[in-house]
Amino acid sequence: MTDLLIQLNEPQREAVVNTSGPTMIIAGAGSGKTRALTYRIAYLLQQGADPFSILALTFTNKAAREMKERVMQLIGDSNGRSVWMGTFHSVFARILRAEGHHLGYPQNFTIYDSDDSKRLIKSILSELNLDPKAYNVSFVLHRISNAKSNLFSPIDYINSPEIQTADAAANKPLTGEIFRAYNARLKRSDAMDFDDLLYNTNLLFRDFPEVLHKYQHRFRYILVDEYQDTNHAQYFIIKRMAALHENITVVGDDAQSIYAFRGANIQNILNFKVDYPDHNLYRLEQNYRSTKTIVNAANGIIENNKDQIKKTVWTENEEGQLIGLLRATSDSEEGTLVANSIFGHKMSKQLPNKSFAILYRTNSQSRSIEEALRRQSIPYKIYGGLSFYSRKEVKDLLSYFRLVINPNDEEALLRVINYPVRGIGKTTIEKLQVVSNESNSSIMEIISNQDHRLKDINRGTLNKLGDFATMLKSFSVQMESKSAFDLAQHITNSIGIIAALKEEDSVESVSRIENIEELLNAIMEFSEREPVASELGEDGVPARSLAHFMQEVALLTDADKKDDDENADYVSLMTIHASKGLEFPYVFIVGLEENLFPSIQSLGSRAELEEERRLFYVALTRAQEKVTISYAESRYRWGSLTMSEPSRFIEEIDSKYLDMPRRVVPHKKAVMSQLPFSNSIQKGVENKFSDNANSSQEPFESSDIDSFQAGMVVEHQKFGKGKIIQMEGAGANRKATVFFNGIGQKQLLLKFAKLKIIGD
DNA sequence: GAAGCACTACTTTTT
DNA sequence: GTAGTGCTTC
């Protein structure tokens with residue numbers, strides 16, 4: 001036990017050992033926030049607290065997993081395992097699986113992701129004959145999500161004069177009706193969206209006191225990480241659950257609140273002292289991560305915000321290097337400057353790639369950076385972006401699994417009823433939806449019962465529908481007896497998805513097949529990792545079953561995927577949002593331009609601008625040794641060239657921490673653009689050259705169309721080196737299928753593609 | 001009912 | 001620039 005405390009500084013130790021009563025830990029960036037929380041849990045366990053009485057809530061699965069691992073390291077495996085540690089969504093989903101029957105939900109309810117939600121809204125719009133342009137799907141979903149996060153039901157929504165006025169002003173007066181229909185359809189599908197996991201948990205605790213008491217008694221200690229990111233629903237549920245023991249500990253940093261756009265309420269952390277007047281307050285202000293330069297520059301930035309809890313973050317670390325500033329004429333040059341700078345640092349200091357991270361405001365910015373890194377042969381890895389689990393083929397197969405587990409899952413059914421193609425077309429599906437709406441029963445029920453209202457569907461089609469239902473039923477039957485992997489493989493083979501993709505025989509279909517294989521591998525791993533099949537999980541779902549796997553997958557994001565190779569050495573690319581909680585020796589923050597960062601959509605209000613500033617604060621404080629920021633004077637956005645000005649955030653950095661632009665790249669052409677007063681016409685001209693100026697001195701010259709042959713090693717201006725897998729066509733239509741390293745297969749029409757032979 | 005082609009929105013961030 | 005949607009044609 002003394003061992004445990006010896007590794008902590010004074011305020012951290014205080015925050016760990018005072019385990020009773022409401023506690024707020026305000027922790028600056030890099031001050032050991034997670035450490036304090038982890039040690040507090042470990043300390044509780046050492047003091048003899050029952051692991052089953054501890055609930056720790058985090059914002060991401062990754063944070064929960066890491067915390068669990070660290071607790072288990074500190075106090076040994078057995079006790080740590082039983083602590084409930086997870087995201088709000090996963091913990092509440094678990095409670096709802098066990099208790100949802102009170103609200104009329106089966107244990108096997110489906111969790112819709114935002115993709116499912118959007119599809120559902122789209123189909124409701126067309127049923128209500130509303131113009132999908134007037135009622136933008138994202139807007140509607142955002143409104144609904146906000147309402148649920150604030151615990152508004154559709155009725156509350158429709159009855160709220162403020163909301164109705166706002167919707168009328170936005171020319172979308174029927175949003176409430178869409179909300180009502182949307183919720184009804186979710187219910188009919190035995191499905192909940194992300195926000196329902198919170199909304200329904202609150203409903204459960206509000207309307208079923210005996211259920212609330214059960215969890216109130218059980219969770220003697222409740223700990224919440226990243227409290228500044230909680231929304232109203234989360235806040236309210238925690239408060240209710242903690243009401244009996246009031247042993248609630250929240251950890252957070254108001255300066256790192258970056259999720260207000262999706263309902264996080266910074267007031268929750270500011271109001272903690274009002275909710276619990278007798279609370280203990282601990283401040284962790286010593287930063288162990290970054291240099292003095294970084295800490296002070298970041299402090300200076302955040303001072304521009306009005307809404308904040310005053311605190312003084314300081315560090316004993318050394319002064320360190322100044323913040324670098326790279327100025328580029330175009331987004332592609334920005335990529336080059338960053339890649340060259342990384343290359344330079346690597347060489348002069350003998351650093352591995354994993355010392356570097358490149359952070360950006362939006363995912364779309366990664367492209368120009370990637371191209372530059374590829375040209376410099378610097379390995380990199382992108383975090384976030386299109387998730388593995390949201391790829392079409394993966395979702396298609398997962399939809400079959402979902403349908404096996406929950407036949408009422410309408411979004412899953414609509415996805416796969418005619419994929420792979422089985423002759424059930426749009427007209428038939430529309431007829432089914434009409435009957436489904438009339439009878440308020442799911443499409444699967446209607447098909448299975450050969451409902452008499454289907455009489456105007458012809459016999460051939462009816463048979464096809466029957467076959468589809470029978471096939472799915474046969475899968476469901478096997479759920480009890482087969483392991484997740486065996487069943488998944490059986491389904492994959494039976495539906496013929498691989499055969500359909502092979503038939504297609506395109507470049508994409510090859511990688512789709514690979515993705516399906518990867519999904520099956522993941523299920524195999526899961527089957528091996530999980531305990532014996534006969535054991536029942538706490539929520540009554542058979543372990544190792546497909547249902548169990550699907551429950552885990554529903555709340556996973558790519559950020560939660562384990563690294564393929566722990567020792568792999570690559571530069572990390574991610575959005576600033578995704579970087580929260582991480583640290584890197586060298587950090588590049590790119591695209592510091594007005595309208596991009598801060599985002600154009602944040603310029604409307606002070607609150608939103610302050611959130612962007614906190615985002616910049618988060619980005620800066622990821623760095624241990626050195627920060628380099630960059631901006632481009634022009635950038636391709638929406639496919640066309642736009643001019644941009646340096647971000648106001650650059651000016652907010654105290655100049656004494658800033659290294660003024662200087663020569664960074666050895667190329668003559670690039671140097672000119674570093675000169676502060678070079679005029680824009682010159683820059684425009686240069687820009688044209690800078691694209692191919694990096695990999696070779698000569699202009700890129702394509703080889704003769706007829707000389708290409710399968711097996712040759714070639715170089716593409718954009719994609720780099722690759723190998724020709726296949727050639728087809730002749731003359732102007734001659735096409736090559738090329739596999740590029742790190743990119744994958746591409747089909748190139750040689751007439752257009754700039755392709756050079758570099759070896760046989 | 002299916003395949004091919006043209007159009008258009010997309011770029012904020014995520015459980 | 002691209003991916004996804006919707007329209008048209010067979």
# chains A, B, ... in the order shown; residues from 1 in each chain; ligands from 1

call {"tool": "residues_around", "arguments": {"residues": "DT9 in chain C", "least_positions_apart": "5", "cutoff": "10 Å", "atoms": "only C-alpha atoms (C1' of nucleotides)", "output": "short mmCIF file (atom, residue, chain, number, x, y, z; two decimals) with N, CA and C atoms (P, O5', C5', C4', C3', O3' and C1' of nucleotides), in the first residue's frame"}}
result
data_model
loop_
_atom_site.label_atom_id
_atom_site.label_comp_id
_atom_site.auth_asym_id
_atom_site.auth_seq_id
_atom_site.Cartn_x
_atom_site.Cartn_y
_atom_site.Cartn_z
P DA B 3 -26.97 -6.56 -61.93
"O5'" DA B 3 -26.40 -5.55 -63.02
"C5'" DA B 3 -26.63 -5.81 -64.41
"C4'" DA B 3 -26.40 -4.53 -65.17
"C3'" DA B 3 -25.12 -3.79 -64.78
"O3'" DA B 3 -24.40 -3.46 -65.97
"C1'" DA B 3 -26.99 -2.34 -64.67
P DG B 4 -22.97 -2.86 -65.89
"O5'" DG B 4 -23.22 -1.38 -66.45
"C5'" DG B 4 -24.02 -1.20 -67.62
"C4'" DG B 4 -24.31 0.27 -67.77
"C3'" DG B 4 -23.11 1.18 -67.48
"O3'" DG B 4 -23.01 2.16 -68.51
"C1'" DG B 4 -24.95 1.84 -66.16
P DC B 5 -21.77 3.12 -68.56
"O5'" DC B 5 -22.45 4.53 -68.22
"C5'" DC B 5 -23.55 4.98 -68.99
"C4'" DC B 5 -24.20 6.15 -68.28
"C3'" DC B 5 -23.23 7.28 -67.95
"O3'" DC B 5 -23.80 8.50 -68.39
"C1'" DC B 5 -24.46 6.66 -66.03
#

call {"tool": "interface_residues", "arguments": {"of": "chain B", "to": "chain A", "cutoff": "10 Å", "atoms": "only C-alpha atoms (C1' of nucleotides)", "output": "MDAnalysis selection string"}}
result
chainID B and resid 1:2 9:15

call {"tool": "atom_distance", "arguments": {"atom1": "CA of Glu652 in chain A", "atom2": "CA of Ile301 in chain A"}}
result
6.0 Å

call {"tool": "closest_atom_pairs", "arguments": {"of": "chain C", "to": "chain A", "cutoff": "12 Å", "atoms": "only C-alpha atoms (C1' of nucleotides)", "output": "tab-separated table"}}
result
residue	atom	partner	partner_atom	distance
C:DG1	C1'	A:Gly639	CA	5.3
C:DT2	C1'	A:Gly639	CA	9.3
C:DA3	C1'	A:Lys392	CA	11.7
C:DG4	C1'	A:Lys392	CA	11.3
C:DT5	C1'	A:Lys122	CA	11.9

call {"tool": "residues_around", "arguments": {"residues": "range 352-354 of chain A", "least_positions_apart": "6", "cutoff": "12 Å", "atoms": "only C-alpha atoms (C1' of nucleotides)", "output": "list in words"}}
result
Ala339, Ile342, Phe343, Gly344, His345, Lys346, Leu373, Ser377, Ile378, Pro379, Tyr380, Lys381, Glu566, Asn567, Ala568, Asp569, Tyr570, Val571, Ser572, Leu573, Glu583, Phe584, Pro585, Tyr586 and Val587 of chain A

call {"tool": "atom_distance", "arguments": {"atom1": "CA of Met643 in chain A", "atom2": "CA of Tyr360 in chain A"}}
result
18.1 Å

call {"tool": "select_by_dssp", "arguments": {"residues": "range 248-439 of chain A", "states": "strand (DSSP E)", "output": "PyMOL selection string"}}
result
chain A and resi 248-252+280-284+286-287+314-315+324-328+356-360+380-382

call {"tool": "residues_around", "arguments": {"residues": "Asp456 in chain A", "least_positions_apart": "6", "cutoff": "12 Å", "atoms": "only C-alpha atoms (C1' of nucleotides)", "output": "PyMOL selection string"}}
result
chain A and resi 427-428+431-432+435+462

call {"tool": "write_last_selection", "arguments": {"atoms": "N, CA and C atoms", "output": "mmCIF file, in the first residue's frame"}}
result
data_model
loop_
_atom_site.group_PDB
_atom_site.id
_atom_site.type_symbol
_atom_site.label_atom_id
_atom_site.label_comp_id
_atom_site.auth_asym_id
_atom_site.auth_seq_id
_atom_site.Cartn_x
_atom_site.Cartn_y
_atom_site.Cartn_z
ATOM 1 N N THR A 427 -39.791 -2.283 -55.544
ATOM 2 C CA THR A 427 -41.258 -2.287 -55.480
ATOM 3 C C THR A 427 -41.748 -3.207 -54.365
ATOM 4 N N THR A 428 -41.180 -4.391 -54.322
ATOM 5 C CA THR A 428 -41.572 -5.348 -53.292
ATOM 6 C C THR A 428 -41.301 -4.790 -51.903
ATOM 7 N N LYS A 431 -43.822 -2.279 -50.854
ATOM 8 C CA LYS A 431 -45.080 -2.916 -50.446
ATOM 9 C C LYS A 431 -44.961 -3.463 -49.030
ATOM 10 N N LEU A 432 -43.840 -4.084 -48.755
ATOM 11 C CA LEU A 432 -43.621 -4.640 -47.416
ATOM 12 C C LEU A 432 -43.656 -3.539 -46.357
ATOM 13 N N VAL A 435 -47.259 -2.440 -45.597
ATOM 14 C CA VAL A 435 -47.940 -3.393 -44.719
ATOM 15 C C VAL A 435 -47.392 -3.298 -43.298
ATOM 16 N N LEU A 462 -43.037 -13.955 -53.707
ATOM 17 C CA LEU A 462 -43.421 -14.440 -52.374
ATOM 18 C C LEU A 462 -42.552 -15.626 -51.952
#

call {"tool": "atom_distance", "arguments": {"atom1": "CA of Lys306 in chain A", "atom2": "CA of Arg606 in chain A"}}
result
9.1 Å

call {"tool": "select_by_dssp", "arguments": {"residues": "range 24-267 of chain A", "states": "alpha helix (DSSP H)", "output": "JSON, numbers by chain"}}
result
{"A": [33, 34, 35, 36, 37, 38, 39, 40, 41, 42, 43, 44, 45, 46, 61, 62, 63, 64, 65, 66, 67, 68, 69, 70, 71, 72, 73, 74, 75, 77, 78, 79, 80, 81, 82, 88, 89, 90, 91, 92, 93, 94, 95, 96, 97, 98, 99, 114, 115, 116, 117, 118, 119, 120, 121, 122, 123, 124, 125, 126, 127, 137, 138, 139, 140, 141, 142, 143, 144, 145, 146, 147, 148, 149, 154, 155, 156, 157, 158, 159, 161, 162, 163, 164, 165, 166, 167, 168, 169, 175, 176, 177, 178, 179, 180, 181, 182, 183, 184, 185, 186, 187, 188, 194, 195, 196, 197, 198, 199, 200, 201, 202, 203, 204, 205, 206, 207, 209, 210, 211, 212, 213, 214, 215, 216, 217, 218, 232, 233, 234, 235, 236, 237, 238, 239, 240, 241, 267]}

call {"tool": "residues_around", "arguments": {"residues": "Pro277 in chain A", "least_positions_apart": "3", "cutoff": "12 Å", "atoms": "only C-alpha atoms (C1' of nucleotides)", "output": "MDAnalysis selection string"}}
result
chainID A and resid 21:24 246 271:274 280:281

call {"tool": "residues_around", "arguments": {"residues": "Arg402 in chain A", "least_positions_apart": "4", "cutoff": "12 Å", "atoms": "only C-alpha atoms (C1' of nucleotides)", "output": "PyMOL selection string"}}
result
chain A and resi 108-112+189-191+395-398+406-416+472+475-476+479+488+491+546-551+553-554

call {"tool": "write_last_selection", "arguments": {"atoms": "C-alpha atoms", "output": "compact mmCIF listing (two decimals), in the first residue's frame"}}
result
# COMPACT_ATOMS: atom_id res chain seq x y z
CA ASN A 108 -31.42 -8.88 -27.50
CA PHE A 109 -32.19 -5.33 -28.62
CA THR A 110 -30.01 -3.92 -31.38
CA ILE A 111 -27.91 -0.78 -31.05
CA TYR A 112 -28.23 1.41 -34.14
CA SER A 189 -37.33 -2.75 -34.57
CA ASP A 190 -36.39 -3.55 -30.96
CA ALA A 191 -33.56 -1.10 -31.41
CA LYS A 395 -21.82 -3.78 -42.36
CA ASP A 396 -23.60 -6.05 -44.81
CA LEU A 397 -22.33 -9.16 -43.13
CA LEU A 398 -22.85 -7.71 -39.66
CA ASN A 406 -32.93 -9.68 -33.60
CA PRO A 407 -35.25 -10.49 -36.54
CA ASN A 408 -37.12 -7.22 -36.00
CA ASP A 409 -34.03 -5.14 -36.80
CA GLU A 410 -35.43 -3.30 -39.80
CA GLU A 411 -32.33 -1.42 -40.92
CA ALA A 412 -30.38 -4.66 -41.04
CA LEU A 413 -33.16 -6.35 -42.97
CA LEU A 414 -33.40 -3.57 -45.55
CA ARG A 415 -29.66 -3.74 -46.10
CA VAL A 416 -29.50 -7.41 -46.89
CA LEU A 472 -32.53 -16.67 -41.46
CA PHE A 475 -29.36 -19.49 -38.71
CA SER A 476 -31.16 -18.40 -35.55
CA MET A 479 -27.20 -19.76 -32.39
CA ALA A 488 -20.46 -16.60 -38.63
CA ILE A 491 -23.71 -17.68 -42.51
CA LEU A 546 -22.43 -14.47 -31.82
CA ALA A 547 -24.83 -12.32 -29.80
CA HIS A 548 -22.08 -11.65 -27.31
CA PHE A 549 -19.67 -10.66 -30.06
CA MET A 550 -22.21 -8.33 -31.62
CA GLN A 551 -22.81 -6.60 -28.31
CA VAL A 553 -18.88 -4.65 -31.66
CA ALA A 554 -21.83 -2.27 -31.54
